[in-house]
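Peer 1: Got a structure for you, written out below as structure tokens; questions coming shortly.
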Amino acid sequence: MSRRTRQVSSGLASAGSASGGSVSTATTSAGPAAGHAVAGSAAGASILHQPKAVWAVAFACVIAFMGIGLVDPILPAIAADLAATPTETEMLFTSYLLITGVAMFFTSWLSSRIGAKRTLLIGLALIVVFALAAGLSQDVESIIGFRAGWGLGNALFISTALATIVGAAAGGTSSAIILYEAALGLGIAIGPLLGGLLGSISWRGPFFGSATLMAVGFIAIVVLLKTEGPRPVPTRLSAPFRALARPGLGILAGAALFYNIGFFVLLAYTPFALVPLGLGSAVSLGLVFFGWGLSLAITSVWVAPLLTRRMRRSRVLWLVLPLLALDLVAAGLLIGSAVGLVLCVIVGGLLLGVLNTVLTESVMEATDLPRSVASSAYSGVRFLGGAIAPPAATLLADGFTSATPFFAAGASVLVALLVIVLGRHHLARADGGVESALDEAEAIGAGDS
């Protein structure tokens with residue numbers, strides 16, 4: 001996903017072995033469009049002609065990524081039905097993201113000891129149980145707790161899904177990556193839409209729907225993913241924490257923490273800002289954030305590689321982070337306009353897609369650490385930023401004005417830019433080097449999960 005030529009490295013073979021399959025070596029040219037062509041021609045097989053096990057994992061990936069925005073359209077309904085304050089309701093995001101972030105530090109340690117299939121199934125089982133429990137809850141405090149369990153399951157599943165698809169896919173690594181990218185984009189876009197449609201019946205609907213779909217995914221993986229493969233080399237428990245001491249990785253993780261505050265203010269606080277403007281129904285909010293998710297997916301897959309082919313990653317960040325800050329400030333200035341605020345949400349999605357991919361791609365190249373370790377360390381820190389943002393936004397709105405959270409989010413994104421600029425001398429490695437096809441997909445997956 002950059003200027004450089006992608007080559008399938010020996011790391012792909014180990015990823016395939018860990019997931020119970022083999023990975024053929026191939027070379028893909030820069031950019032997803034070229035990669036898509038290679039998938040069909042070099043491999044000599046259609047991307048659609050995949051083993052059933054691959055489709056089972058891909059389906060579960062769609063549902064897992066849907067969980068990120070699923071509750072967005074029903075936040076006002078939960079607040080009204082359970083007599084909860086906006087800040088209490090925003091804790092549904094905080095508990096989910098906090099536990100996801102903490103768990104990310106340990107997922108590589110666990111999966112390297114019990115194998116990818118078992119890690120996938122444990123993650124799916126946790127999501128089913130806690131999504132069902134959230135739908136049966138009678139108070140917001142219970143939902144907050146169950147969303148935390150959901151976040152743990154999601155971290156376990158997402159951390160191993162990619163390696164599983166790569167190991168089992170036919171048609172080479174490129175085909176596997178395309179499927180993973182497609183699942184990710186579909187999940188991010190469909191989550192708010194499904195949440196809105198089911199939420200129009202009851203706010204409990206999205207929780208029950210997720211539990212049902214994930215249960216189907218669990219059964220499909222049990223039945224169709226036959227092999228566990230050889231046991232991978234164990235990862236040390238302290239590896240992600242020690243990784244943050246590397247200057248390049250530490251700088252990028254710190255920048256991502258502040259950037260993610262802006263991300264989740266836009267995602268989690270905007271529904272409450274839209275309610276007074278006549279867009280408080282679950283269906284209306286679902287459609288708005290369907291547009292947001294679709295925009296994010298498009299720029300993540302197509303626009304980010306276009307930019308990184310023409311300039312260094314750090315320069316892309318220098319360009320797009322200020323644009324996101326301006327978009328958030330514009331949202332604050334247009335707080336009284338439904339059309340203006342919705343437009344800011346859509347534009348924000350376009351910018352977030354680029355930033356997610358480029359930031360995490362940079363992490364993959366910033367050190368010589370194993371990709372799973374670097375990704376775990378980075379994801380753990382950035383999700384903590386996302387956990388802080390939703391309740392902080394509603395507290396700022398209560399203490400000042402409804403526009404204040406957007407202004408604060410814009411300032412936070414500028415802090416992320418400042419961290420990148422001041423630490424630029426440590427990011428030279430992130431701007432160069434050879435990136436494997438699996439690393440590219442990890443960058444997309446970790447950046448948008």
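Convention: chains lettered A, B, ... in structure tokens order; per-chain residue numbering from 1; ligands numbered from 1 as shown.
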Find the nearest atom pair between each residue of range 242-325 of chain A and range 378-402 of chain A for residues within 10 Å, count only C-alpha atoms, give distances in Å to one decimal, sort rows by chain and ascending number, and present the table as a Markdown table.

Peer 2:
```
| residue | atom | partner | partner_atom | distance |
| --- | --- | --- | --- | --- |
| A:Ala243 | CA | A:Tyr378 | CA | 9.0 |
| A:Leu244 | CA | A:Tyr378 | CA | 7.8 |
| A:Leu249 | CA | A:Tyr378 | CA | 7.3 |
| A:Gly250 | CA | A:Tyr378 | CA | 8.1 |
| A:Ile251 | CA | A:Tyr378 | CA | 9.9 |
| A:Leu252 | CA | A:Tyr378 | CA | 7.6 |
| A:Ala253 | CA | A:Tyr378 | CA | 5.1 |
| A:Gly254 | CA | A:Val381 | CA | 7.4 |
| A:Ala255 | CA | A:Arg382 | CA | 8.3 |
| A:Ala256 | CA | A:Arg382 | CA | 5.2 |
| A:Leu257 | CA | A:Arg382 | CA | 4.3 |
| A:Phe258 | CA | A:Gly385 | CA | 6.2 |
| A:Tyr259 | CA | A:Gly385 | CA | 7.7 |
| A:Asn260 | CA | A:Gly386 | CA | 5.2 |
| A:Ile261 | CA | A:Ala389 | CA | 4.9 |
| A:Gly262 | CA | A:Ala389 | CA | 7.5 |
| A:Phe263 | CA | A:Gly386 | CA | 7.3 |
| A:Phe264 | CA | A:Gly386 | CA | 5.6 |
| A:Val265 | CA | A:Ala389 | CA | 5.7 |
| A:Leu266 | CA | A:Pro390 | CA | 9.0 |
| A:Leu267 | CA | A:Pro390 | CA | 8.6 |
| A:Ala268 | CA | A:Pro390 | CA | 5.7 |
| A:Tyr269 | CA | A:Pro390 | CA | 6.1 |
| A:Thr270 | CA | A:Ala393 | CA | 9.6 |
| A:Phe272 | CA | A:Thr394 | CA | 8.7 |
| A:Ala273 | CA | A:Ser402 | CA | 6.9 |
```

Peer 1: Keeping only N, CA, C and O atoms, take the residues you just selected and write them out as a JSON list (two decimals), in the first residue's frame.

Peer 2:
```
[["chain", "number", "residue", "atom", "x", "y", "z"],
["A", 243, "ALA", "N", 8.12, -2.92, 23.32],
["A", 243, "ALA", "CA", 8.14, -2.34, 21.96],
["A", 243, "ALA", "C", 7.89, -0.83, 21.99],
["A", 243, "ALA", "O", 8.42, -0.09, 21.15],
["A", 244, "LEU", "N", 7.11, -0.37, 22.94],
["A", 244, "LEU", "CA", 6.79, 1.06, 23.00],
["A", 244, "LEU", "C", 7.99, 1.91, 23.37],
["A", 244, "LEU", "O", 7.97, 3.13, 23.21],
["A", 249, "LEU", "N", 8.09, 3.70, 17.15],
["A", 249, "LEU", "CA", 6.80, 3.13, 17.52],
["A", 249, "LEU", "C", 6.14, 3.94, 18.62],
["A", 249, "LEU", "O", 4.92, 4.18, 18.60],
["A", 250, "GLY", "N", 6.92, 4.39, 19.61],
["A", 250, "GLY", "CA", 6.37, 5.19, 20.69],
["A", 250, "GLY", "C", 5.76, 6.49, 20.19],
["A", 250, "GLY", "O", 4.69, 6.92, 20.65],
["A", 251, "ILE", "N", 6.42, 7.15, 19.25],
["A", 251, "ILE", "CA", 5.91, 8.40, 18.69],
["A", 251, "ILE", "C", 4.60, 8.17, 17.95],
["A", 251, "ILE", "O", 3.62, 8.92, 18.12],
["A", 252, "LEU", "N", 4.57, 7.14, 17.12],
["A", 252, "LEU", "CA", 3.35, 6.86, 16.36],
["A", 252, "LEU", "C", 2.19, 6.46, 17.28],
["A", 252, "LEU", "O", 1.04, 6.85, 17.05],
["A", 253, "ALA", "N", 2.48, 5.69, 18.32],
["A", 253, "ALA", "CA", 1.43, 5.30, 19.26],
["A", 253, "ALA", "C", 0.89, 6.51, 20.01],
["A", 253, "ALA", "O", -0.32, 6.66, 20.21],
["A", 254, "GLY", "N", 1.80, 7.41, 20.43],
["A", 254, "GLY", "CA", 1.36, 8.62, 21.11],
["A", 254, "GLY", "C", 0.51, 9.50, 20.22],
["A", 254, "GLY", "O", -0.53, 10.04, 20.65],
["A", 255, "ALA", "N", 0.91, 9.64, 18.96],
["A", 255, "ALA", "CA", 0.11, 10.42, 18.02],
["A", 255, "ALA", "C", -1.25, 9.79, 17.81],
["A", 255, "ALA", "O", -2.28, 10.48, 17.74],
["A", 256, "ALA", "N", -1.28, 8.46, 17.71],
["A", 256, "ALA", "CA", -2.55, 7.76, 17.49],
["A", 256, "ALA", "C", -3.49, 7.92, 18.67],
["A", 256, "ALA", "O", -4.72, 7.95, 18.49],
["A", 257, "LEU", "N", -2.96, 7.99, 19.88],
["A", 257, "LEU", "CA", -3.81, 8.19, 21.05],
["A", 257, "LEU", "C", -4.61, 9.49, 20.92],
["A", 257, "LEU", "O", -5.83, 9.50, 21.12],
["A", 258, "PHE", "N", -3.92, 10.59, 20.56],
["A", 258, "PHE", "CA", -4.62, 11.88, 20.43],
["A", 258, "PHE", "C", -5.50, 11.91, 19.18],
["A", 258, "PHE", "O", -6.58, 12.50, 19.19],
["A", 259, "TYR", "N", -5.05, 11.27, 18.12],
["A", 259, "TYR", "CA", -5.85, 11.21, 16.89],
["A", 259, "TYR", "C", -7.15, 10.45, 17.14],
["A", 259, "TYR", "O", -8.22, 10.83, 16.65],
["A", 260, "ASN", "N", -7.07, 9.35, 17.89],
["A", 260, "ASN", "CA", -8.26, 8.55, 18.14],
["A", 260, "ASN", "C", -9.30, 9.28, 18.98],
["A", 260, "ASN", "O", -10.48, 8.95, 18.93],
["A", 261, "ILE", "N", -8.86, 10.26, 19.75],
["A", 261, "ILE", "CA", -9.83, 11.08, 20.48],
["A", 261, "ILE", "C", -10.72, 11.81, 19.48],
["A", 261, "ILE", "O", -11.95, 11.86, 19.62],
["A", 262, "GLY", "N", -10.09, 12.38, 18.44],
["A", 262, "GLY", "CA", -10.88, 13.03, 17.40],
["A", 262, "GLY", "C", -11.79, 12.05, 16.68],
["A", 262, "GLY", "O", -12.96, 12.35, 16.39],
["A", 263, "PHE", "N", -11.26, 10.86, 16.39],
["A", 263, "PHE", "CA", -12.03, 9.84, 15.69],
["A", 263, "PHE", "C", -13.33, 9.52, 16.45],
["A", 263, "PHE", "O", -14.43, 9.52, 15.87],
["A", 264, "PHE", "N", -13.20, 9.27, 17.73],
["A", 264, "PHE", "CA", -14.37, 8.79, 18.48],
["A", 264, "PHE", "C", -15.27, 9.91, 18.99],
["A", 264, "PHE", "O", -16.42, 9.64, 19.34],
["A", 265, "VAL", "N", -14.79, 11.13, 19.02],
["A", 265, "VAL", "CA", -15.72, 12.23, 19.25],
["A", 265, "VAL", "C", -16.67, 12.33, 18.06],
["A", 265, "VAL", "O", -17.89, 12.47, 18.21],
["A", 266, "LEU", "N", -16.11, 12.23, 16.86],
["A", 266, "LEU", "CA", -16.94, 12.29, 15.66],
["A", 266, "LEU", "C", -17.92, 11.13, 15.60],
["A", 266, "LEU", "O", -19.10, 11.31, 15.27],
["A", 267, "LEU", "N", -17.46, 9.93, 15.95],
["A", 267, "LEU", "CA", -18.32, 8.76, 15.86],
["A", 267, "LEU", "C", -19.34, 8.68, 16.99],
["A", 267, "LEU", "O", -20.52, 8.41, 16.76],
["A", 268, "ALA", "N", -18.90, 8.89, 18.22],
["A", 268, "ALA", "CA", -19.74, 8.60, 19.38],
["A", 268, "ALA", "C", -20.54, 9.80, 19.90],
["A", 268, "ALA", "O", -21.63, 9.62, 20.46],
["A", 269, "TYR", "N", -20.01, 11.02, 19.74],
["A", 269, "TYR", "CA", -20.73, 12.18, 20.27],
["A", 269, "TYR", "C", -21.72, 12.76, 19.28],
["A", 269, "TYR", "O", -22.78, 13.27, 19.66],
["A", 270, "THR", "N", -21.44, 12.66, 17.98],
["A", 270, "THR", "CA", -22.29, 13.29, 16.97],
["A", 270, "THR", "C", -23.75, 12.84, 17.04],
["A", 270, "THR", "O", -24.65, 13.67, 16.80],
["A", 272, "PHE", "N", -25.66, 12.44, 19.55],
["A", 272, "PHE", "CA", -26.35, 13.31, 20.51],
["A", 272, "PHE", "C", -26.46, 14.73, 19.98],
["A", 272, "PHE", "O", -27.43, 15.44, 20.28],
["A", 273, "ALA", "N", -25.50, 15.17, 19.17],
["A", 273, "ALA", "CA", -25.57, 16.50, 18.58],
["A", 273, "ALA", "C", -26.63, 16.57, 17.49],
["A", 273, "ALA", "O", -27.19, 17.65, 17.22]]
```

Peer 1: Do a neighbour search on Gly196 in chain A at 12 Å with only C-alpha atoms, toss out local chain neighbours closer than 3 positions, and write the hits as a PyMOL selection string.

Peer 2: chain A and resi 69-77+189-193+199-207+209+271+279-290

Peer 1: What's around Val421 in chain A at 12 Å? Count only C-alpha atoms, leave out sequence neighbours fewer than 6 positions away in its own chain, and write the answer as a short mmCIF file (atom, residue, chain, number, x, y, z; two decimals) with C-alpha atoms, in the first residue's frame.

Peer 2:
```cif
data_model
loop_
_atom_site.label_atom_id
_atom_site.label_comp_id
_atom_site.auth_asym_id
_atom_site.auth_seq_id
_atom_site.Cartn_x
_atom_site.Cartn_y
_atom_site.Cartn_z
CA ILE A 251 5.91 8.40 18.69
CA LEU A 252 3.35 6.86 16.36
CA ALA A 255 0.11 10.42 18.02
CA SER A 314 4.86 11.12 7.25
CA ARG A 315 4.01 13.77 4.64
CA VAL A 316 0.58 12.23 4.15
CA LEU A 317 0.02 12.55 7.89
CA TRP A 318 1.22 16.17 7.82
CA LEU A 319 -1.33 16.86 5.07
CA LEU A 321 -4.27 15.52 10.08
CA PRO A 322 -4.79 19.32 9.74
CA LEU A 414 -3.44 19.00 16.20
CA VAL A 415 -1.56 17.56 19.19
CA LEU A 427 10.21 8.13 11.51
CA ALA A 428 12.65 7.74 8.63
#
```

Peer 1: Residues of range 214-429 of chain A classed as alpha helix (DSSP H) by DSSP on the backbone are to be reported as an MDAnalysis selection string.

Peer 2: chainID A and resid 214:224 239:243 247:264 270:274 282:298 304:308 313:333 338:366 371:399 404:422

Peer 1: Do you have the CA of Ala408 in chain A-CA of Ile188 in chain A distance handy?

Peer 2: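 Separation of CA of Ala408 in chain A and CA of Ile188 in chain A: 25.0 Å.
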